[in-house]
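Encoded as structure tokens, the structure appears first; notes follow it.
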Protein chains: 2
Amino acid sequence: MSTISKLAAVHPCYGWDNQLQPELTVEPGVEVEIELVEASGGQIHPDSSVEKVTALDFAKINPVTGPVYIKGAEPQDTLVVEILGFEGSQWGWTAIIPGFGLLADEFPKPFLHFSTYDQQWVHYTPEIRLPYRPFPGTIGVAPAETGLQSVVFPRNCGGNMDTHDLTIGSKLYLPVQVEGALFSTGDGHAAQGDGEVCGTGIETPTKMRVRFGLKKAEKLAYPRIETVREPAKTERFYITTGVAPDLMVAAKDAIRYMIDYLTKEYRLSAEMAYTLCSVAVDLRISEIVDAPNWIVTAHLNQTIFI
Amino acid sequence: MSTISKLAAVHPCYGWDNQLQPELTVEPGVEVEIELVEASGGQIHPDSSVEKVTALDFAKINPVTGPVYIKGAEPQDTLVVEILGFEGSQWGWTAIIPGFGLLADEFPKPFLHFSTYDQQWVHYTPEIRLPYRPFPGTIGVAPAETGLQSVVFPRNCGGNMDTHDLTIGSKLYLPVQVEGALFSTGDGHAAQGDGEVCGTGIETPTKMRVRFGLKKAEKLAYPRIETVREPAKTERFYITTGVAPDLMVAAKDAIRYMIDYLTKEYRLSAEMAYTLCSVAVDLRISEIVDAPNWIVTAHLNQTIFI
């Protein structure tokens with residue numbers, strides 16, 4: 001007898017809607033396995049060519065599986081989502097989608113790249129491997145607003161968070177907005193850098209196991225996360241800086257200089273460098289008080305090069 | 001016979017000026033020990049009271065030691081600064097300075113806190129210790145512009161970078177603007193979080209050993225850094241999020257919620273929580289492409305609590 005509730009991606013949702021009927025109802029404490037569709041909603045698969053990127057139907061982007069009704073959850077509560085594990089499909093895609101991404105103006109052409117992965121590494125190329133750090137790009141509870149709400153951007157109750165700290169062992173705290181919380185998730189990622197700069201990570205279909213908990217009458221304004229980082233081997237970093245009075249300008253500059261570095265030092269194409277930034281480079285705010293200039297840094301772990 | 005050149009902080013400079021006479025001239029490859037004054041320029045010392053914070057003479061803030069003339073350095077070269085080690089004073093201050101910092105409007109009152117440190121830990125309180133990670137807050141070469149230039153904010157040739165990756169073992173690459181590079185540094189820190197949100201880290205007088213190198217005719221737009229991270233013990237993180245269409249708003253929100261967490265969970269005063277964010281919490285850009293909302297996260301390493 002299995003104590004795991006399972007939810008397959010039979011009826012993907014293309015938005016948040018607090019009027020949707022639950023696909024699954026669970027008690028807090030029960031383990032749930034949820035099937036996560038990748039971000040294209042099945043439009044991209046391992047034998048797709050780059051033409052598929054320009055032909056994407058954006059109405060089918062970022063489907064989520066759910067909603068899951070958590071018994072006892074009420075507005076003003078906090079839903080605790082404990083992320084237990086993943087069973088991935090071992091393939092993922094990364095794309096430059098025209099008009100989308102941090103440097104959209106500089107990368108107008110579509111680009112599509114495939115990776116494979118196992119329990120330890122994402123094999124980005126034969127020479128580049130990233131630690132396998134699976135997480136759901138989109139994870140959240142239904143918003144209080146009625147009607148269909150966009151699933152493309154994150155909001156105070158979660159959504160398309162694209163925050164790679166949400167990996168195995170992490171706990172996500174979400175502010176419940178409606179009765180039952182109506183939890184949904186999707187957009188599987190096998191790895192991603194802070195910022196997801198080209199707009200895509202290692203996009204992958206995967207199953208995810210979670211356990212729900214409730215903190216009654218504990219109201220949050222925004223999601224919070226608890227996570228554990230196990231020390232790995234020594235890591236060497238190459239860091240570029242953007243220095244500007246605007247954080248967005250500084251972030252773009254830091255990524256531009258990282259692309260410049262990757263193309264010169266590692267002979268990557270500009271597209272491979274930009275997408276590698278999206279899946280492996282972390283954006284940090286190093287300095288945000290020495291007016292009028294702030295510093296955003298982009299951190300490349302050089303041990304990804306074999 | 002010592003092969004180390006030494007430069008004491010005899011004539012602190014309160015700005016960048018490419019017309020200043022060098023205090024020291026060195027060949028590339030020579031080890032140099034430089035005395036770094038702390039950010040108040042001697043105005044704050046271990047027996048100062050909080051009144052000192054409001055009485056600060058801002059004309060004396062952030063003095064740098066130098067300039068050091070590096071033989072052979074010319075505009076269009078890159079100066080490589082290898083950071084070899086520190087000999088710290090074992091005390092440091094952290095302050096909330098009215099009108100300064102990420103949440104200046106919410107923290108209008110002055111606040112002053114002292115820490116001690118050894119080669120391993122900064123003892124922030126008896127219950128809170130931070131890994132000792134010394135670095136120069138201000139480090140750079142003279143700008144091309146003539147006349148006295150502000151030392152308060154960072155610029156393309158370095159300056160008040162407040163970037164804590166510049167610690168022992170790191171290499172900083174700076175774009176040389178004038179003959180001899182005219183390197184200066186100051187603003188010693190024993191620890192700091194990404195962002196330095198209240199405006200001060202663990203401000204400390206310290207000596208720093210560096211070695212200069214040159215990359216001829218290799219022009220950079222902005223500083224770059226190479227650094228190594230040694231694995232420590234397992235670290236547990238508590239992460240708050242700010243979700244907004246503006247990175248600055250999101251950063252402020254993430255820090256607000258971290259202060260909220262620290263005051264509730266660890267019973268810290270708001271001022272101790274805000275300054276702890278400045279010296280120990282890292283700001284990261286987790287998501288910068290899912291328009292119109294970005295996510296800035298604030299990362300607290302919970303293993304700092306003893």
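If you're wondering about the labels, chains in the structure tokens are A, B, ... by order shown, residues count from 1 in each chain, ligands from 1 in order shown.
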### Query
Near Ile225 (chain B), within 7 Å and counting only C-alpha atoms, which residues show up once chain neighbours fewer than 2 positions away are dropped, as a list of chain:residue names?
A:Tyr238, A:Ile239, A:Thr240, B:Ser170, B:Lys171, B:Leu172, B:Tyr173, B:Pro223, B:Thr227
Please return, as a compact mmCIF listing (two decimals) with C-alpha atoms, in the first residue's frame, all residues of chain A lying within 7 Å of chain B when only C-alpha atoms are considered.
# COMPACT_ATOMS: atom_id res chain seq x y z
CA GLY A 101 15.44 37.57 -21.86
CA LEU A 102 17.78 40.08 -20.21
CA VAL A 152 4.31 34.00 -16.72
CA PHE A 153 5.49 36.23 -13.86
CA PRO A 154 5.97 35.62 -10.14
CA ARG A 155 3.70 37.21 -7.55
CA ASN A 156 3.38 37.41 -3.76
CA MET A 161 9.68 32.10 -9.26
CA ASP A 162 12.58 30.52 -11.19
CA THR A 163 14.53 30.47 -7.94
CA ASP A 194 20.51 33.08 -10.36
CA GLY A 195 18.62 35.37 -12.73
CA GLU A 196 17.96 32.85 -15.53
CA VAL A 197 19.26 35.56 -17.83
CA GLY A 199 14.93 33.31 -20.04
CA TYR A 222 6.04 37.13 0.22
CA PRO A 223 7.41 33.62 -0.21
CA ARG A 224 10.31 32.52 1.96
CA ILE A 225 12.66 29.56 1.64
CA GLU A 226 14.76 27.41 3.91
CA THR A 227 17.54 25.44 2.25
CA VAL A 228 20.71 23.53 3.04
CA ARG A 229 23.94 23.78 1.06
CA GLU A 230 26.25 20.79 1.30
CA PRO A 231 29.87 21.68 0.79
CA ALA A 232 31.18 20.42 -2.52
CA LYS A 233 34.75 20.38 -3.64
CA THR A 234 36.67 23.63 -3.89
CA GLU A 235 35.12 25.95 -6.45
CA ARG A 236 36.90 28.58 -8.52
CA PHE A 237 34.89 31.59 -9.63
CA TYR A 238 35.32 34.15 -12.36
CA ILE A 239 33.28 37.24 -11.58
CA THR A 240 32.34 40.15 -13.81
CA THR A 241 30.95 43.42 -12.52
CA GLY A 242 28.40 45.94 -13.74
CA VAL A 243 28.68 49.37 -12.11
CA LEU A 247 20.51 47.70 -10.98
CA LEU A 283 23.72 37.29 -10.41
CA ARG A 284 24.39 38.93 -7.05
CA ILE A 285 23.96 42.46 -5.76
CA SER A 286 27.39 43.12 -4.26
CA GLU A 287 26.86 46.77 -3.36
CA ILE A 288 23.59 48.71 -3.17
CA VAL A 289 24.34 51.68 -0.90
CA ASP A 290 27.30 53.67 -2.28
CA ALA A 291 25.17 56.14 -4.24
CA PRO A 292 24.96 56.86 -7.07
CA ASN A 293 26.55 53.61 -8.30
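Residues surrounding Gly42 (chain B) within 9 Å are Val37, Lys60 and Pro205 of chain B [only C-alpha atoms; sequence separation below 5 positions excluded].
Minimum atom-to-atom distance to Pro175 (chain B), evaluated using only C-alpha atoms, belongs to B:Glu74 out of B:Asp57, B:Glu271, B:Glu203, B:Glu74.
Within region 172-268 of chain B, DSSP run on the backbone puts these residues in alpha helix (DSSP H): Leu247, Met248, Val249, Ala250, Ala251, Lys252, Asp253, Ala254, Ile255, Arg256, Tyr257, Met258, Ile259, Asp260, Tyr261, Leu262, Thr263, Lys264 and Glu265 of chain B.
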